[in-house]
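Okay, protein-v2.cif is below, mmCIF, C-alpha atoms and all ligand atoms:
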```
data_data
loop_
_atom_site.label_atom_id
_atom_site.label_comp_id
_atom_site.auth_asym_id
_atom_site.auth_seq_id
_atom_site.Cartn_x
_atom_site.Cartn_y
_atom_site.Cartn_z
CA MET A 760 35.59 -56.40 108.41
CA GLN A 761 36.23 -60.16 108.26
CA VAL A 762 37.61 -61.87 111.37
CA LYS A 763 38.30 -65.46 112.33
CA ALA A 764 36.30 -66.41 115.41
CA ALA A 765 35.48 -69.58 117.35
CA VAL A 766 31.71 -70.08 117.27
CA ALA A 767 29.85 -72.19 119.86
CA PRO A 768 27.26 -73.58 117.44
CA ALA A 769 25.01 -75.64 119.71
CA GLN A 770 24.79 -77.00 123.27
CA GLY A 771 27.84 -79.15 124.12
CA ALA A 772 29.29 -79.02 120.59
CA ASP A 773 32.94 -78.23 119.86
CA LEU A 774 33.77 -74.65 118.94
CA ASP A 775 33.96 -74.08 115.21
CA ILE A 776 36.49 -71.59 113.80
CA ARG A 777 34.82 -69.55 111.03
CA GLU A 778 35.27 -66.31 109.11
CA LEU A 779 32.67 -63.87 110.44
CA GLU A 780 31.75 -60.31 109.57
CA LEU A 781 32.50 -57.93 112.47
CA ASP A 782 30.32 -54.80 112.36
CA ASP A 783 31.50 -51.19 112.88
CA TYR A 784 32.49 -50.16 116.39
CA GLN A 785 30.01 -47.83 118.08
CA PRO A 786 30.82 -44.34 119.43
CA ASP A 787 31.33 -45.69 122.99
CA GLU A 788 33.41 -48.68 121.82
CA LEU A 789 37.00 -49.58 121.04
CA ARG A 790 37.98 -52.02 118.34
CA VAL A 791 40.58 -54.28 119.92
CA ARG A 792 42.93 -56.53 117.94
CA MET A 793 43.06 -59.58 120.20
CA VAL A 794 46.49 -60.89 121.17
CA GLY A 795 45.49 -63.60 123.64
CA SER A 796 42.41 -64.97 125.34
CA GLY A 797 42.24 -67.11 128.42
CA ILE A 798 39.78 -69.96 128.52
CA CYS A 799 37.72 -70.16 131.68
CA HIS A 800 35.54 -72.93 133.05
CA THR A 801 32.65 -70.50 132.53
CA ASP A 802 33.17 -70.69 128.73
CA ALA A 803 32.65 -74.46 128.95
CA ILE A 804 29.51 -74.23 131.08
CA VAL A 805 27.98 -71.63 128.79
CA ARG A 806 28.86 -73.75 125.74
CA ASP A 807 26.97 -76.50 127.62
CA GLN A 808 24.12 -74.03 128.35
CA TRP A 809 24.15 -74.02 132.16
CA TYR A 810 23.55 -70.31 131.56
CA PRO A 811 21.24 -69.61 128.63
CA VAL A 812 23.39 -67.37 126.39
CA PRO A 813 21.69 -67.57 122.97
CA LEU A 814 23.67 -69.81 120.58
CA PRO A 815 25.33 -69.68 118.11
CA ALA A 816 27.71 -67.38 119.97
CA VAL A 817 31.31 -66.27 120.11
CA LEU A 818 32.32 -66.91 123.72
CA GLY A 819 35.59 -65.94 125.45
CA HIS A 820 35.86 -63.39 128.23
CA GLU A 821 39.53 -63.15 129.19
CA GLY A 822 40.78 -61.09 126.28
CA SER A 823 43.90 -58.96 126.02
CA GLY A 824 44.88 -56.98 122.98
CA VAL A 825 45.85 -53.75 121.31
CA VAL A 826 43.46 -50.88 120.61
CA GLU A 827 43.02 -50.58 116.86
CA ALA A 828 40.32 -47.90 116.68
CA VAL A 829 38.63 -45.55 119.15
CA GLY A 830 34.94 -44.57 119.05
CA ALA A 831 34.01 -40.88 118.75
CA ASN A 832 32.70 -40.61 122.34
CA VAL A 833 35.57 -42.46 124.01
CA GLN A 834 38.08 -40.61 126.14
CA GLY A 835 41.31 -41.86 127.69
CA PHE A 836 42.30 -44.44 125.06
CA ALA A 837 44.50 -44.19 122.00
CA VAL A 838 45.35 -46.49 119.10
CA GLY A 839 48.16 -48.80 120.21
CA ASP A 840 47.19 -48.96 123.90
CA HIS A 841 47.54 -52.38 125.50
CA VAL A 842 44.30 -53.41 127.19
CA VAL A 843 42.82 -56.21 129.27
CA LEU A 844 39.07 -56.65 128.92
CA GLY A 845 36.84 -57.05 131.96
CA PRO A 846 33.15 -57.86 132.40
CA ALA A 847 30.52 -55.38 131.18
CA THR A 848 28.99 -53.09 133.76
CA CYS A 849 26.77 -50.01 133.40
CA GLY A 850 28.69 -47.60 135.65
CA ASP A 851 25.51 -45.83 136.80
CA CYS A 852 23.48 -48.20 138.98
CA ARG A 853 23.56 -48.23 142.79
CA ASN A 854 26.22 -50.98 142.98
CA CYS A 855 28.46 -49.58 140.24
CA THR A 856 28.41 -46.15 141.86
CA ALA A 857 29.07 -47.71 145.29
CA GLY A 858 32.33 -49.25 144.00
CA HIS A 859 30.97 -52.79 143.46
CA PRO A 860 30.56 -52.95 139.68
CA GLN A 861 30.61 -56.78 139.63
CA TYR A 862 27.12 -56.59 141.17
CA CYS A 863 25.88 -54.23 138.46
CA ASP A 864 22.08 -54.27 138.14
CA TYR A 865 22.61 -55.21 134.48
CA LEU A 866 25.09 -58.07 135.10
CA PHE A 867 22.99 -60.71 133.34
CA PRO A 868 21.76 -58.83 130.27
CA PHE A 869 25.13 -57.11 129.64
CA ASN A 870 27.27 -60.24 130.06
CA PHE A 871 25.02 -63.15 129.12
CA GLY A 872 22.52 -61.48 126.77
CA GLY A 873 24.48 -62.33 123.60
CA CYS A 874 24.28 -58.75 122.31
CA ARG A 875 24.99 -55.10 123.09
CA PRO A 876 22.67 -53.22 125.47
CA ASP A 877 20.85 -51.90 122.37
CA GLY A 878 20.16 -55.48 121.21
CA SER A 879 22.57 -55.50 118.26
CA LYS A 880 24.98 -58.40 117.68
CA ALA A 881 28.47 -57.58 116.40
CA PHE A 882 29.03 -60.77 114.35
CA ARG A 883 27.35 -62.27 111.29
CA ASP A 884 27.95 -65.52 109.50
CA GLY A 885 26.46 -64.74 106.09
CA ASP A 886 22.87 -63.77 106.94
CA THR A 887 22.94 -65.37 110.39
CA PRO A 888 23.54 -63.08 113.38
CA ILE A 889 25.97 -64.63 115.88
CA SER A 890 25.74 -63.69 119.57
CA SER A 891 28.49 -61.30 120.64
CA HIS A 892 29.51 -59.23 123.67
CA PHE A 893 29.77 -62.29 125.92
CA PHE A 894 30.99 -60.65 129.15
CA GLY A 895 30.92 -57.51 127.01
CA GLN A 896 33.68 -58.84 124.74
CA SER A 897 33.45 -62.32 123.07
CA SER A 898 37.22 -62.61 123.01
CA PHE A 899 37.48 -65.84 120.97
CA ALA A 900 37.87 -63.67 117.86
CA GLU A 901 40.78 -61.97 116.12
CA ALA A 902 39.20 -58.56 116.72
CA VAL A 903 36.25 -57.37 118.81
CA ASN A 904 34.23 -54.24 119.45
CA VAL A 905 34.01 -53.57 123.16
CA ARG A 906 32.65 -50.72 125.27
CA ALA A 907 35.61 -48.64 126.43
CA ARG A 908 34.21 -48.90 129.96
CA ASN A 909 35.14 -52.63 129.96
CA ALA A 910 38.76 -52.03 128.99
CA VAL A 911 41.66 -51.58 131.38
CA LYS A 912 44.80 -49.96 130.04
CA VAL A 913 47.91 -51.89 131.10
CA SER A 914 51.65 -51.38 131.02
CA PRO A 915 53.29 -52.28 127.69
CA GLU A 916 56.19 -53.72 129.69
CA VAL A 917 54.38 -56.93 130.66
CA PRO A 918 53.67 -59.80 128.22
CA LEU A 919 50.27 -58.85 126.84
CA GLU A 920 49.31 -62.33 125.61
CA LEU A 921 49.36 -63.62 129.21
CA LEU A 922 47.25 -60.88 130.79
CA GLY A 923 43.71 -61.78 129.66
CA PRO A 924 42.99 -64.14 132.60
CA LEU A 925 43.50 -61.18 134.95
CA GLY A 926 40.14 -59.97 133.59
CA CYS A 927 38.20 -62.95 134.97
CA GLY A 928 39.53 -66.21 136.44
CA LEU A 929 42.60 -64.86 138.21
CA ASN A 930 40.77 -61.73 139.29
CA THR A 931 38.02 -63.97 140.69
CA GLY A 932 40.27 -66.07 142.91
CA ALA A 933 42.68 -63.33 143.95
CA GLY A 934 39.84 -60.81 144.39
CA ALA A 935 37.69 -63.13 146.51
CA VAL A 936 40.68 -63.57 148.82
CA LEU A 937 42.15 -60.04 148.84
CA ASN A 938 38.95 -57.97 148.53
CA VAL A 939 36.45 -60.13 150.44
CA LEU A 940 38.17 -62.60 152.80
CA LYS A 941 41.10 -60.24 153.51
CA PRO A 942 43.67 -62.54 155.16
CA VAL A 943 46.31 -61.01 157.42
CA PRO A 944 49.59 -62.46 158.70
CA GLY A 945 48.56 -65.30 161.00
CA SER A 946 45.38 -66.20 159.08
CA SER A 947 44.64 -69.76 158.05
CA ILE A 948 42.74 -70.39 154.83
CA ALA A 949 41.42 -73.51 153.07
CA ILE A 950 40.82 -73.30 149.33
CA PHE A 951 38.68 -75.99 147.73
CA GLY A 952 39.66 -76.54 144.09
CA THR A 953 43.18 -76.03 142.74
CA GLY A 954 42.22 -74.82 139.28
CA ALA A 955 43.14 -71.36 138.03
CA VAL A 956 40.65 -69.66 140.33
CA GLY A 957 41.73 -71.53 143.46
CA LEU A 958 45.44 -71.13 142.73
CA ALA A 959 45.01 -67.40 142.06
CA GLY A 960 43.30 -67.26 145.46
CA MET A 961 46.25 -69.10 146.93
CA LEU A 962 48.76 -66.67 145.38
CA GLY A 963 46.65 -63.79 146.76
CA ALA A 964 46.70 -65.35 150.23
CA ILE A 965 50.49 -65.78 150.06
CA ALA A 966 50.91 -62.16 148.93
CA ALA A 967 48.75 -61.03 151.88
CA GLY A 968 50.92 -62.98 154.32
CA ALA A 969 48.47 -65.72 155.36
CA SER A 970 50.33 -68.23 157.53
CA GLN A 971 48.56 -71.50 156.76
CA ILE A 972 47.22 -72.22 153.29
CA ILE A 973 45.48 -75.57 152.85
CA MET A 974 44.61 -76.56 149.28
CA VAL A 975 41.93 -79.21 148.72
CA ASP A 976 41.30 -81.13 145.49
CA ILE A 977 40.70 -84.61 144.10
CA VAL A 978 43.48 -84.50 141.48
CA PRO A 979 46.89 -85.44 143.01
CA SER A 980 48.95 -83.70 140.30
CA ARG A 981 47.15 -80.42 140.98
CA LEU A 982 47.79 -80.76 144.72
CA GLU A 983 51.49 -81.38 144.07
CA PHE A 984 51.59 -78.31 141.86
CA ALA A 985 49.96 -76.24 144.64
CA LEU A 986 52.59 -77.41 147.13
CA GLY A 987 55.35 -76.38 144.71
CA LEU A 988 53.77 -72.94 144.37
CA GLY A 989 53.55 -72.23 148.10
CA ALA A 990 50.65 -74.14 149.74
CA THR A 991 51.57 -75.10 153.30
CA ASP A 992 49.32 -78.21 153.28
CA VAL A 993 47.26 -80.18 150.78
CA VAL A 994 44.26 -82.45 151.27
CA ASN A 995 43.00 -85.01 148.78
CA SER A 996 39.28 -85.15 149.53
CA LYS A 997 38.97 -88.45 147.65
CA ALA A 998 41.24 -90.04 150.26
CA GLY A 999 39.14 -89.08 153.30
CA ASP A 1000 36.87 -86.47 154.90
CA PRO A 1001 38.45 -83.05 154.13
CA VAL A 1002 36.67 -81.42 157.10
CA GLU A 1003 38.38 -83.81 159.51
CA ALA A 1004 41.71 -83.32 157.72
CA ILE A 1005 41.42 -79.52 157.94
CA ARG A 1006 40.49 -79.66 161.65
CA GLU A 1007 43.47 -81.91 162.29
CA LEU A 1008 45.80 -79.52 160.44
CA THR A 1009 44.50 -76.56 162.48
CA GLY A 1010 44.69 -78.10 165.97
CA GLY A 1011 40.95 -78.84 165.96
CA LEU A 1012 39.94 -75.20 165.46
CA GLY A 1013 39.12 -75.06 161.75
CA VAL A 1014 40.29 -72.36 159.36
CA ASN A 1015 39.70 -68.62 159.70
CA LEU A 1016 38.92 -68.28 156.00
CA ALA A 1017 37.81 -70.59 153.19
CA LEU A 1018 37.08 -70.39 149.49
CA ASP A 1019 35.00 -72.85 147.44
CA THR A 1020 35.92 -72.69 143.78
CA THR A 1021 34.28 -76.01 142.87
CA GLY A 1022 30.56 -75.19 142.83
CA VAL A 1023 29.96 -78.77 144.03
CA PRO A 1024 27.14 -78.80 146.66
CA GLN A 1025 28.93 -81.26 149.03
CA VAL A 1026 32.08 -79.14 148.87
CA PHE A 1027 30.14 -76.01 149.83
CA SER A 1028 28.81 -77.88 152.89
CA GLN A 1029 32.34 -79.08 153.71
CA MET A 1030 33.57 -75.49 153.50
CA THR A 1031 30.97 -74.29 156.03
CA LYS A 1032 32.01 -77.06 158.43
CA ALA A 1033 35.75 -76.50 158.02
CA LEU A 1034 35.54 -72.91 159.28
CA ALA A 1035 36.62 -71.87 162.75
CA VAL A 1036 34.22 -69.98 165.02
CA ARG A 1037 33.59 -66.54 163.44
CA GLY A 1038 35.29 -67.72 160.25
CA HIS A 1039 34.47 -66.34 156.81
CA GLY A 1040 33.86 -68.52 153.75
CA ALA A 1041 33.22 -67.48 150.16
CA LEU A 1042 31.72 -69.30 147.20
CA VAL A 1043 32.86 -68.49 143.68
CA GLY A 1044 32.43 -71.87 141.94
CA ALA A 1045 29.54 -71.91 139.48
CA ALA A 1046 26.74 -74.50 139.51
CA PRO A 1047 23.71 -74.94 137.25
CA LEU A 1048 20.87 -72.54 138.12
CA GLY A 1049 18.62 -74.19 140.74
CA THR A 1050 21.43 -76.07 142.55
CA ASP A 1051 20.87 -76.33 146.35
CA ALA A 1052 23.55 -77.19 148.91
CA ALA A 1053 23.00 -78.46 152.47
CA PHE A 1054 23.72 -75.95 155.22
CA ASP A 1055 23.50 -77.37 158.75
CA ILE A 1056 21.65 -74.48 160.41
CA GLY A 1057 21.34 -76.45 163.65
CA THR A 1058 25.05 -76.86 164.25
CA LEU A 1059 26.25 -73.73 162.46
CA LEU A 1060 23.99 -71.23 164.26
CA THR A 1061 26.42 -70.94 167.15
CA SER A 1062 29.50 -70.75 164.92
CA GLY A 1063 29.12 -67.07 164.03
CA ILE A 1064 30.45 -67.77 160.55
CA THR A 1065 29.89 -65.50 157.55
CA ILE A 1066 29.32 -66.83 154.05
CA SER A 1067 29.73 -64.60 150.99
CA MET A 1068 28.73 -65.27 147.39
CA VAL A 1069 31.33 -63.51 145.25
CA VAL A 1070 31.23 -62.41 141.63
CA GLU A 1071 34.48 -61.56 139.82
CA GLY A 1072 36.39 -61.01 143.03
CA ASP A 1073 34.15 -58.03 143.89
CA SER A 1074 36.88 -56.01 142.22
CA VAL A 1075 37.04 -52.68 140.44
CA PRO A 1076 39.01 -53.85 137.37
CA ARG A 1077 40.78 -50.54 136.67
CA GLN A 1078 42.11 -50.58 140.21
CA PHE A 1079 42.60 -54.32 140.80
CA ILE A 1080 44.16 -55.52 137.50
CA PRO A 1081 47.04 -53.00 137.69
CA LEU A 1082 47.47 -53.98 141.36
CA LEU A 1083 47.85 -57.66 140.37
CA ILE A 1084 50.27 -56.72 137.57
CA GLY A 1085 52.32 -54.71 140.09
CA LEU A 1086 52.46 -57.73 142.42
CA TYR A 1087 53.50 -59.90 139.43
CA GLN A 1088 56.29 -57.47 138.51
CA ALA A 1089 57.47 -57.56 142.11
CA GLY A 1090 57.61 -61.39 141.99
CA ARG A 1091 54.71 -61.71 144.46
CA PHE A 1092 51.94 -62.97 142.15
CA PRO A 1093 53.57 -65.42 139.69
CA PHE A 1094 50.36 -66.11 137.76
CA ASP A 1095 52.34 -66.88 134.59
CA GLN A 1096 53.17 -70.26 136.14
CA LEU A 1097 49.48 -71.25 135.84
CA ILE A 1098 49.35 -70.56 132.09
CA LYS A 1099 49.90 -72.76 129.06
CA THR A 1100 49.54 -71.13 125.64
CA TYR A 1101 47.95 -72.72 122.56
CA PRO A 1102 47.60 -71.46 118.99
CA PHE A 1103 44.04 -70.17 118.41
CA ALA A 1104 43.43 -73.07 115.99
CA GLU A 1105 43.81 -75.49 118.93
CA ILE A 1106 41.09 -73.91 121.06
CA ASN A 1107 39.07 -77.13 121.47
CA GLN A 1108 42.18 -79.01 122.60
CA ALA A 1109 42.85 -76.23 125.10
CA LEU A 1110 39.30 -76.51 126.47
CA ASP A 1111 39.56 -80.31 126.71
CA ASP A 1112 42.97 -80.14 128.45
CA SER A 1113 41.59 -77.72 131.01
CA LEU A 1114 38.48 -79.82 131.71
CA ALA A 1115 40.63 -82.96 132.03
CA GLY A 1116 42.76 -81.19 134.66
CA GLY A 1117 46.07 -81.29 132.75
CA THR A 1118 46.23 -77.57 131.96
CA ILE A 1119 45.42 -75.08 134.69
CA LYS A 1120 44.89 -71.92 132.65
CA PRO A 1121 44.90 -72.28 128.87
CA VAL A 1122 45.42 -69.11 126.86
CA VAL A 1123 44.90 -69.10 123.11
CA VAL A 1124 47.26 -66.83 121.23
CA PHE A 1125 46.22 -65.14 117.99
P1 LIG A 1201 38.81 -75.74 137.26
O1 LIG A 1201 37.86 -76.76 136.72
O2 LIG A 1201 40.15 -75.61 136.66
O3 LIG A 1201 39.04 -76.00 138.83
C1 LIG A 1201 38.11 -76.61 139.68
C2 LIG A 1201 38.87 -77.56 140.58
O4 LIG A 1201 37.94 -78.13 141.50
C3 LIG A 1201 39.53 -78.73 139.82
O5 LIG A 1201 40.92 -78.79 140.11
C4 LIG A 1201 38.77 -79.94 140.32
O6 LIG A 1201 39.58 -81.11 140.39
C5 LIG A 1201 38.34 -79.47 141.72
N1 LIG A 1201 37.23 -80.25 142.26
C6 LIG A 1201 36.15 -80.74 141.63
N2 LIG A 1201 35.38 -81.45 142.47
C7 LIG A 1201 35.99 -81.39 143.68
C8 LIG A 1201 35.68 -81.93 144.95
N3 LIG A 1201 34.60 -82.67 145.16
N4 LIG A 1201 36.52 -81.66 145.97
C9 LIG A 1201 37.63 -80.90 145.80
N5 LIG A 1201 37.97 -80.36 144.59
C10 LIG A 1201 37.17 -80.62 143.56
O7 LIG A 1201 38.01 -74.37 137.21
P2 LIG A 1201 38.50 -72.87 137.46
O8 LIG A 1201 38.86 -72.26 136.17
O9 LIG A 1201 39.46 -72.81 138.58
O10 LIG A 1201 37.11 -72.24 137.89
C11 LIG A 1201 36.52 -72.61 139.12
C12 LIG A 1201 35.05 -72.20 139.15
O11 LIG A 1201 34.92 -70.79 139.25
C13 LIG A 1201 34.23 -72.62 137.93
O12 LIG A 1201 32.99 -73.12 138.40
C14 LIG A 1201 34.02 -71.31 137.20
O13 LIG A 1201 32.88 -71.35 136.38
C15 LIG A 1201 33.89 -70.39 138.36
N6 LIG A 1201 34.08 -68.97 138.11
C16 LIG A 1201 33.32 -68.14 138.84
C17 LIG A 1201 33.48 -66.78 138.70
C18 LIG A 1201 32.69 -65.85 139.57
O14 LIG A 1201 32.64 -64.66 139.26
N7 LIG A 1201 32.10 -66.30 140.66
C19 LIG A 1201 34.39 -66.26 137.76
C20 LIG A 1201 35.20 -67.17 137.05
C21 LIG A 1201 35.04 -68.52 137.23
#
```
Once you've parsed the file, please lay out its structure as structure tokens.
Amino acid sequence: MQVKAAVAPAQGADLDIRELELDDYQPDELRVRMVGSGICHTDAIVRDQWYPVPLPAVLGHEGSGVVEAVGANVQGFAVGDHVVLGPATCGDCRNCTAGHPQYCDYLFPFNFGGCRPDGSKAFRDGDTPISSHFFGQSSFAEAVNVRARNAVKVSPEVPLELLGPLGCGLNTGAGAVLNVLKPVPGSSIAIFGTGAVGLAGMLGAIAAGASQIIMVDIVPSRLEFALGLGATDVVNSKAGDPVEAIRELTGGLGVNLALDTTGVPQVFSQMTKALAVRGHGALVGAAPLGTDAAFDIGTLLTSGITISMVVEGDSVPRQFIPLLIGLYQAGRFPFDQLIKTYPFAEINQALDDSLAGGTIKPVVVF
């Protein structure tokens, strides 16, 4: 069938909306009519080839939509189901079976390989195959074929076009906080970066009852927004040393927990130094492969801190996405306030607005 899709044609180039041929869904796949797709910083860095997904490709990995057809081997889904799409995982390796599918042994080939596990690509532009199955989905298209394993059925009572970011960016921030850092009432936490990932982490920390939530960024309007949404303190790290500011705000102790969503090497080092003794910090921000960050092993040895590298919030999507939706319905995870919608035709504008800092979480609506 013919579908409109946004193709990343070459490194750094704008996405190009074209009519592509979408192949038949396979027996283990669903065909999903896309309703909305979030745009994540990771789409921009793959467009720019920090990660070598073969181009031309249809990117997009925060899709939500309606099941339009169900493969012969699929159980548990029916035409008309509302679904959010998550990353592709195998379900059988040691980490998938241990309840940590985001560390699937096949993470890279399944999500960044530009094709299905069998090597086939779902899209064609005339005779040219176009990479598909980015994060198992390639959601910048009107319809996609996706392994049923990647899909999470969601309540039809919540606005479907807004739910796609729960499959990646919001799951990443909220999951890193709720599943890995695990704040409790009384905890202090510093979050570096007030984009969608950092703010989702902040909303997770508020929902968990953390007492002090310090948001750090270099964009004043984002810091103001964070304060309005529930941060207890904000730090502009352009205006001074954020480590000193965080120590001052915590009576000299440092924070119990910290999250780096920037992927900037200096910020990672700042995060390690802002932690209290026996604190726990997590990195989720992406950097080009081969990026090193300084880690003061002399001073930090006696700190007893733990540092975690976290993929996709270390979540089990079929458990965690409904949990976040439940919190949203209870008024305790107002993620809709992070979202601005754009018509699909304005996808490049949406990407630009997000990179410029004006829009926190763009969602294109089909
Ligand atoms: P974003 O660009 O909206 O937010 C990043 C924020 O960091 C911005 O507000 C920016 O101003 C701030 N920042 C930049 N340099 C800074 C500095 N020196 N000090 C303080 N703040 C600084 O991006 P996002 O959508 O929130 O995504 C954040 C990161 O998470 C990206 O790198 C993305 O690729 C990554 N990501 C990782 C995973 C994962 O599984 N680990 C999943 C999704 C996204």
> Separation of CA of Ala949 in chain A and CA of Ala1053 in chain A, in Å?
Replying inline: 19.1 Å
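Distances here use only C-alpha atoms; by that measure, the residue among A:Gly1072, A:Pro1001, A:Gly885, A:Gly824 closest to Arg792 in chain A is A:Gly824.
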>> Can you work out which residues are within 8 Å of ligand LIG 1201 (chain A), considering all atoms listed in the file, and then hand them over as JSON, numbers by chain?
In response: {"A": [799, 800, 801, 802, 804, 927, 928, 929, 930, 931, 932, 951, 952, 953, 954, 955, 956, 957, 958, 975, 976, 977, 978, 981, 995, 996, 997, 1020, 1021, 1022, 1023, 1025, 1026, 1042, 1043, 1044, 1045, 1046, 1068, 1069, 1070, 1071, 1072, 1113, 1114, 1116, 1118, 1119, 1120]}
Grab all the atoms of range 997-1003 of chain A that the file lists, wrap them in a box along x, y and z, add 4 Å per side, and give me centre plus edge lengths in Å (one decimal) as lines of an AutoDock Vina configuration file.
```
center_x = 39.0
center_y = -85.7
center_z = 153.6
size_x = 12.6
size_y = 16.6
size_z = 19.9
```
> When you draw a straight line from CA of Val826 in chain A to CA of Leu921 in chain A, how long is it in Å?
Replying inline: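 Straight-line distance from CA of Val826 in chain A to CA of Leu921 in chain A works out to 16.5 Å.
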> For the atom pair CA of Asn870 in chain A and CA of Lys941 in chain A, what is the interatomic distance in Å to one decimal place?
Replying inline: 27.2 Å
> With distances taken over all atoms listed in the file, which of A:Val1123, A:His892, A:Val1036, A:Ala1017 is nearest to Leu1110 in chain A?
Replying inline: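 Checking each of A:Val1123, A:His892, A:Val1036, A:Ala1017 against Leu1110 in chain A, counting all atoms listed in the file, the winner is A:Val1123.
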>> Excluding Ile973 in chain A and its own-chain neighbours fewer than 3 positions away, which residues fall within 8 Å of it when counting only C-alpha atoms? Please give them as a ChimeraX atom specification.
In response: /A:947-950,990-994,1005
> Of the candidates A:Lys1032, A:Arg908, A:His820, A:Arg1037, which shows the shortest atom-to-atom distance to Gly795 in chain A, using all atoms listed in the file?
Replying inline: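 For Gly795 in chain A, the nearest of the candidates is A:His820.
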> Using all atoms listed in the file, which of A:Gly822, A:Gly895, A:Gly850, A:Gly926 sits nearest Val791 in chain A?
Replying inline: A:Gly822
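Of the listed residues A:Asp1073, A:Glu1003, A:Glu821, A:Asp787, the one whose atoms come nearest to Gln834 in chain A is A:Asp787, with distances taken using only C-alpha atoms.
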>> Under the rule that all atoms listed in the file are counted, which of A:Ala1109, A:Met793, A:Leu1086, A:Met974 is the nearest residue to Met961 in chain A?
In response: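 For Met961 in chain A, the nearest of the given residues is A:Met974.
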> Got a sec: who's within 8 Å of Cys849 in chain A, counting all atoms listed in the file, leaving out chain neighbours fewer than 2 positions off, as number ranges by chain?
Replying inline: A: 847, 851-852, 855, 860, 863-865
Identify, on the basis of all atoms listed in the file, every residue whose closest approach to Ala765 in chain A does not exceed 9 Å; exclude the query and any residue fewer than 4 positions from it along the same chain; express the result as a PDB file with C-alpha atoms, in the coordinates of the input.
```pdb
ATOM      1  CA  LEU A 774      33.770 -74.650 118.940  1.00  0.00           C
ATOM      2  CA  ASP A 775      33.960 -74.080 115.210  1.00  0.00           C
ATOM      3  CA  ILE A 776      36.490 -71.590 113.800  1.00  0.00           C
ATOM      4  CA  ARG A 777      34.820 -69.550 111.030  1.00  0.00           C
ATOM      5  CA  GLU A 778      35.270 -66.310 109.110  1.00  0.00           C
ATOM      6  CA  ALA A 816      27.710 -67.380 119.970  1.00  0.00           C
ATOM      7  CA  VAL A 817      31.310 -66.270 120.110  1.00  0.00           C
ATOM      8  CA  LEU A 818      32.320 -66.910 123.720  1.00  0.00           C
ATOM      9  CA  GLY A 819      35.590 -65.940 125.450  1.00  0.00           C
ATOM     10  CA  PHE A 899      37.480 -65.840 120.970  1.00  0.00           C
ATOM     11  CA  ALA A 900      37.870 -63.670 117.860  1.00  0.00           C
ATOM     12  CA  PHE A1103      44.040 -70.170 118.410  1.00  0.00           C
ATOM     13  CA  ALA A1104      43.430 -73.070 115.990  1.00  0.00           C
ATOM     14  CA  ILE A1106      41.090 -73.910 121.060  1.00  0.00           C
TER      15      ILE A1106
END
```
>> What's around Phe869 in chain A at 12 Å? Count all atoms listed in the file, leave out sequence neighbours fewer than 4 positions away in its own chain, and write the answer as a PyMOL selection string.
In response: chain A and resi 812+845-850+861-865+873-879+891-897+905-906+909
Using C-alpha atoms, can you export the residues from the last selection as a PDB file, in the frame of the given file?
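Written file, result.pdb:
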```pdb
ATOM      1  CA  VAL A 812      23.390 -67.370 126.390  1.00  0.00           C
ATOM      2  CA  GLY A 845      36.840 -57.050 131.960  1.00  0.00           C
ATOM      3  CA  PRO A 846      33.150 -57.860 132.400  1.00  0.00           C
ATOM      4  CA  ALA A 847      30.520 -55.380 131.180  1.00  0.00           C
ATOM      5  CA  THR A 848      28.990 -53.090 133.760  1.00  0.00           C
ATOM      6  CA  CYS A 849      26.770 -50.010 133.400  1.00  0.00           C
ATOM      7  CA  GLY A 850      28.690 -47.600 135.650  1.00  0.00           C
ATOM      8  CA  GLN A 861      30.610 -56.780 139.630  1.00  0.00           C
ATOM      9  CA  TYR A 862      27.120 -56.590 141.170  1.00  0.00           C
ATOM     10  CA  CYS A 863      25.880 -54.230 138.460  1.00  0.00           C
ATOM     11  CA  ASP A 864      22.080 -54.270 138.140  1.00  0.00           C
ATOM     12  CA  TYR A 865      22.610 -55.210 134.480  1.00  0.00           C
ATOM     13  CA  GLY A 873      24.480 -62.330 123.600  1.00  0.00           C
ATOM     14  CA  CYS A 874      24.280 -58.750 122.310  1.00  0.00           C
ATOM     15  CA  ARG A 875      24.990 -55.100 123.090  1.00  0.00           C
ATOM     16  CA  PRO A 876      22.670 -53.220 125.470  1.00  0.00           C
ATOM     17  CA  ASP A 877      20.850 -51.900 122.370  1.00  0.00           C
ATOM     18  CA  GLY A 878      20.160 -55.480 121.210  1.00  0.00           C
ATOM     19  CA  SER A 879      22.570 -55.500 118.260  1.00  0.00           C
ATOM     20  CA  SER A 891      28.490 -61.300 120.640  1.00  0.00           C
ATOM     21  CA  HIS A 892      29.510 -59.230 123.670  1.00  0.00           C
ATOM     22  CA  PHE A 893      29.770 -62.290 125.920  1.00  0.00           C
ATOM     23  CA  PHE A 894      30.990 -60.650 129.150  1.00  0.00           C
ATOM     24  CA  GLY A 895      30.920 -57.510 127.010  1.00  0.00           C
ATOM     25  CA  GLN A 896      33.680 -58.840 124.740  1.00  0.00           C
ATOM     26  CA  SER A 897      33.450 -62.320 123.070  1.00  0.00           C
ATOM     27  CA  VAL A 905      34.010 -53.570 123.160  1.00  0.00           C
ATOM     28  CA  ARG A 906      32.650 -50.720 125.270  1.00  0.00           C
ATOM     29  CA  ASN A 909      35.140 -52.630 129.960  1.00  0.00           C
TER      30      ASN A 909
END
```
> Within 12 Å of Phe1092 in chain A, counting all atoms listed in the file, which residues qualify if same-chain residues fewer than 6 places away don't, as a PyMOL selection string?
Replying inline: chain A and resi 925+929-930+933+958-967+988-989+1080-1086
